Amino acid sequence: MDTSKEQSKADILIEALPYFQQFYGSTVLVKFGGSAMEDMNRAFDVLRDVAFMKIAGLKPIVVHGGGKAINAELAKAGVQPRFINGLRYTDTDTIRVVDKVLHNVVNADLVNFLRDELHMDTAAVSGKNILRCQKITTKDAETGADLDLGFVGKVVNVDTPQIEWILARNQLPVIAPLACDQNNAIYNINADMAACEIASELKVRKLVFLSDVPGVLRDPKDPSSLISSIHCDEVEELIASGVISGGMIPKIRSARDAVNAGVGQVHMIDGRLRHSLLLEIFTKEGVGTQILP
């Protein structure tokens, strides 16, 4: 037996001990989708990290997307995806497909893996049951006119007692990001925004976004230019200077708003990096960008 190798493993666990103690009993919301779910083996690696967190005494919540699976099913059904200002236009046929795929395919795969392979007591949660929304539009860049997005909404209410009830039963909630309006019509919800609203209402200790970038980079072409920490009052300055741009702007602003609403910290990490979730939470250096009060 190579005792030095085994001792090194033990040293790593001991190094993580203060973080286990610090975050024991804390609620952590993990949102992942996009490239982190394009390869289900990669998604399952993330779930292993989530299971580790639960065994270590944290209370993880998973909110997932499912864009690739939705696009594949739409193509099979002959429905052409249409995007307006980066938002999916969602007509009646599209919302039916989104509803079916998010619940019967993506959510089911994640929940089954957690239950069958990792032996986690898991609760499949539909956003339709816990999220209330209102319809949104987007602006035409040239005319400023409102552009219809179909069944696309923003969350205006979260049934936090239901989520807290699941956590109190020591279950791991896996949430599909759909919502219903006051007339019970089903709406597509941006998963990042849904995660921020749920995290804000629950005032979770940490909100973690897994994406396909290491975090916020001063130079997008230079991974070594990663900004490890951003305080809320620095966000607009970084946007004005162009450091935060494109699709990262609404995500960082939502993260800032979540922190201002009571979320302890928001983390942006690379879901393609194996065990990035554990490295960010249970090591001193971390691997991504954290948004702080």
# chains A, B, ... in the order shown; residues from 1 in each chain; ligands from 1
$ closest_atom_pairs --of "stretch 64-89 of chain A" --to "stretch 244-247 of chain A" --cutoff "12 Å" --atoms "only C-alpha atoms" --output "CSV"
residue,atom,partner,partner_atom,distance
A:Asn85,CA,A:Gly247,CA,10.2
A:Gly86,CA,A:Gly247,CA,8.4
A:Leu87,CA,A:Gly247,CA,10.8
$ residues_around --residues "A:Ala176" --least-positions-apart "3" --cutoff "9 Å" --atoms "only C-alpha atoms" --output "PyMOL selection string"
chain A and resi 62-66+99+102-103+106-107+124-128+191
$ closest_residue --among "A:Val208, A:Ile61, A:Val287, A:Ile175" --to "A:Ile189" --atoms "only C-alpha atoms"
A:Ile175
$ select_by_dssp --residues "stretch 26-269 of chain A" --states "helix (DSSP H, G or I)" --output "number ranges by chain"
A: 35-38, 40-55, 67-76, 92-117, 127-130, 160-168, 191-202, 223-225, 232-240, 248-260
$ select_by_dssp --residues "stretch 119-212 of chain A" --states "strand (DSSP E or B)" --output "PyMOL selection string"
chain A and resi 122-126+131-139+146-158+172-176+178-180+186-189+206-211
$ closest_residue --among "A:Asp192, A:Asp219, A:Asp45, A:Asp257" --to "A:Val243" --atoms "only C-alpha atoms"
A:Asp219
$ residues_around --residues "stretch 139-148 of chain A" --least-positions-apart "5" --cutoff "10 Å" --atoms "only C-alpha atoms" --output "list in words"
Ile84, Asn85, Tyr89 and Thr90 of chain A
$ write_last_selection --atoms "all heavy atoms" --output "PDB file, in the first residue's frame"
ATOM      1  N   ILE A  84     -35.513  35.861 -30.007  1.00  0.00           N
ATOM      2  CA  ILE A  84     -35.617  37.314 -30.123  1.00  0.00           C
ATOM      3  C   ILE A  84     -34.800  37.929 -28.990  1.00  0.00           C
ATOM      4  O   ILE A  84     -35.094  37.679 -27.817  1.00  0.00           O
ATOM      5  CB  ILE A  84     -37.085  37.781 -30.041  1.00  0.00           C
ATOM      6  CG1 ILE A  84     -37.927  37.116 -31.137  1.00  0.00           C
ATOM      7  CG2 ILE A  84     -37.172  39.299 -30.152  1.00  0.00           C
ATOM      8  CD1 ILE A  84     -39.416  37.407 -31.040  1.00  0.00           C
ATOM      9  N   ASN A  85     -33.777  38.685 -29.343  1.00  0.00           N
ATOM     10  CA  ASN A  85     -32.883  39.266 -28.322  1.00  0.00           C
ATOM     11  C   ASN A  85     -32.347  38.201 -27.368  1.00  0.00           C
ATOM     12  O   ASN A  85     -32.214  38.430 -26.169  1.00  0.00           O
ATOM     13  CB  ASN A  85     -33.598  40.369 -27.534  1.00  0.00           C
ATOM     14  CG  ASN A  85     -33.851  41.614 -28.374  1.00  0.00           C
ATOM     15  OD1 ASN A  85     -33.264  41.779 -29.433  1.00  0.00           O
ATOM     16  ND2 ASN A  85     -34.735  42.474 -27.904  1.00  0.00           N
ATOM     17  N   TYR A  89     -38.557  32.456 -28.406  1.00  0.00           N
ATOM     18  CA  TYR A  89     -39.971  32.722 -28.649  1.00  0.00           C
ATOM     19  C   TYR A  89     -40.728  31.426 -28.394  1.00  0.00           C
ATOM     20  O   TYR A  89     -40.394  30.372 -28.946  1.00  0.00           O
ATOM     21  CB  TYR A  89     -40.218  33.210 -30.080  1.00  0.00           C
ATOM     22  CG  TYR A  89     -41.679  33.486 -30.348  1.00  0.00           C
ATOM     23  CD1 TYR A  89     -42.246  34.702 -29.985  1.00  0.00           C
ATOM     24  CD2 TYR A  89     -42.493  32.518 -30.931  1.00  0.00           C
ATOM     25  CE1 TYR A  89     -43.588  34.957 -30.198  1.00  0.00           C
ATOM     26  CE2 TYR A  89     -43.840  32.763 -31.149  1.00  0.00           C
ATOM     27  CZ  TYR A  89     -44.392  33.988 -30.782  1.00  0.00           C
ATOM     28  OH  TYR A  89     -45.729  34.223 -30.987  1.00  0.00           O
ATOM     29  N   THR A  90     -41.750  31.498 -27.557  1.00  0.00           N
ATOM     30  CA  THR A  90     -42.417  30.284 -27.098  1.00  0.00           C
ATOM     31  C   THR A  90     -43.899  30.333 -27.448  1.00  0.00           C
ATOM     32  O   THR A  90     -44.695  30.955 -26.736  1.00  0.00           O
ATOM     33  CB  THR A  90     -42.220  30.108 -25.576  1.00  0.00           C
ATOM     34  OG1 THR A  90     -40.817  30.171 -25.277  1.00  0.00           O
ATOM     35  CG2 THR A  90     -42.758  28.770 -25.115  1.00  0.00           C
TER      36      THR A  90
END
$ closest_residue --among "A:Thr92, A:Thr27, A:Ser8, A:Thr160" --to "A:Val50" --atoms "only C-alpha atoms"
A:Thr27
$ closest_atom_pairs --of "stretch 86-157 of chain A" --to "stretch 51-56 of chain A" --cutoff "12 Å" --atoms "only C-alpha atoms" --output "Markdown table"
| residue | atom | partner | partner_atom | distance |
| --- | --- | --- | --- | --- |
| A:Leu110 | CA | A:Ala51 | CA | 11.8 |
| A:Val111 | CA | A:Ala51 | CA | 11.6 |
| A:Phe113 | CA | A:Ala51 | CA | 10.7 |
| A:Leu114 | CA | A:Ala51 | CA | 7.6 |
| A:Arg115 | CA | A:Ala51 | CA | 10.2 |
| A:Glu117 | CA | A:Ala51 | CA | 10.5 |
| A:Leu118 | CA | A:Ala51 | CA | 7.1 |
| A:His119 | CA | A:Ala51 | CA | 8.9 |
| A:Met120 | CA | A:Ala51 | CA | 7.0 |
| A:Asp121 | CA | A:Ala51 | CA | 10.0 |
| A:Thr122 | CA | A:Ala51 | CA | 10.2 |
$ atom_distance --atom1 "atom CA of A:Lys251" --atom2 "atom CA of A:Cys232"
12.8 Å
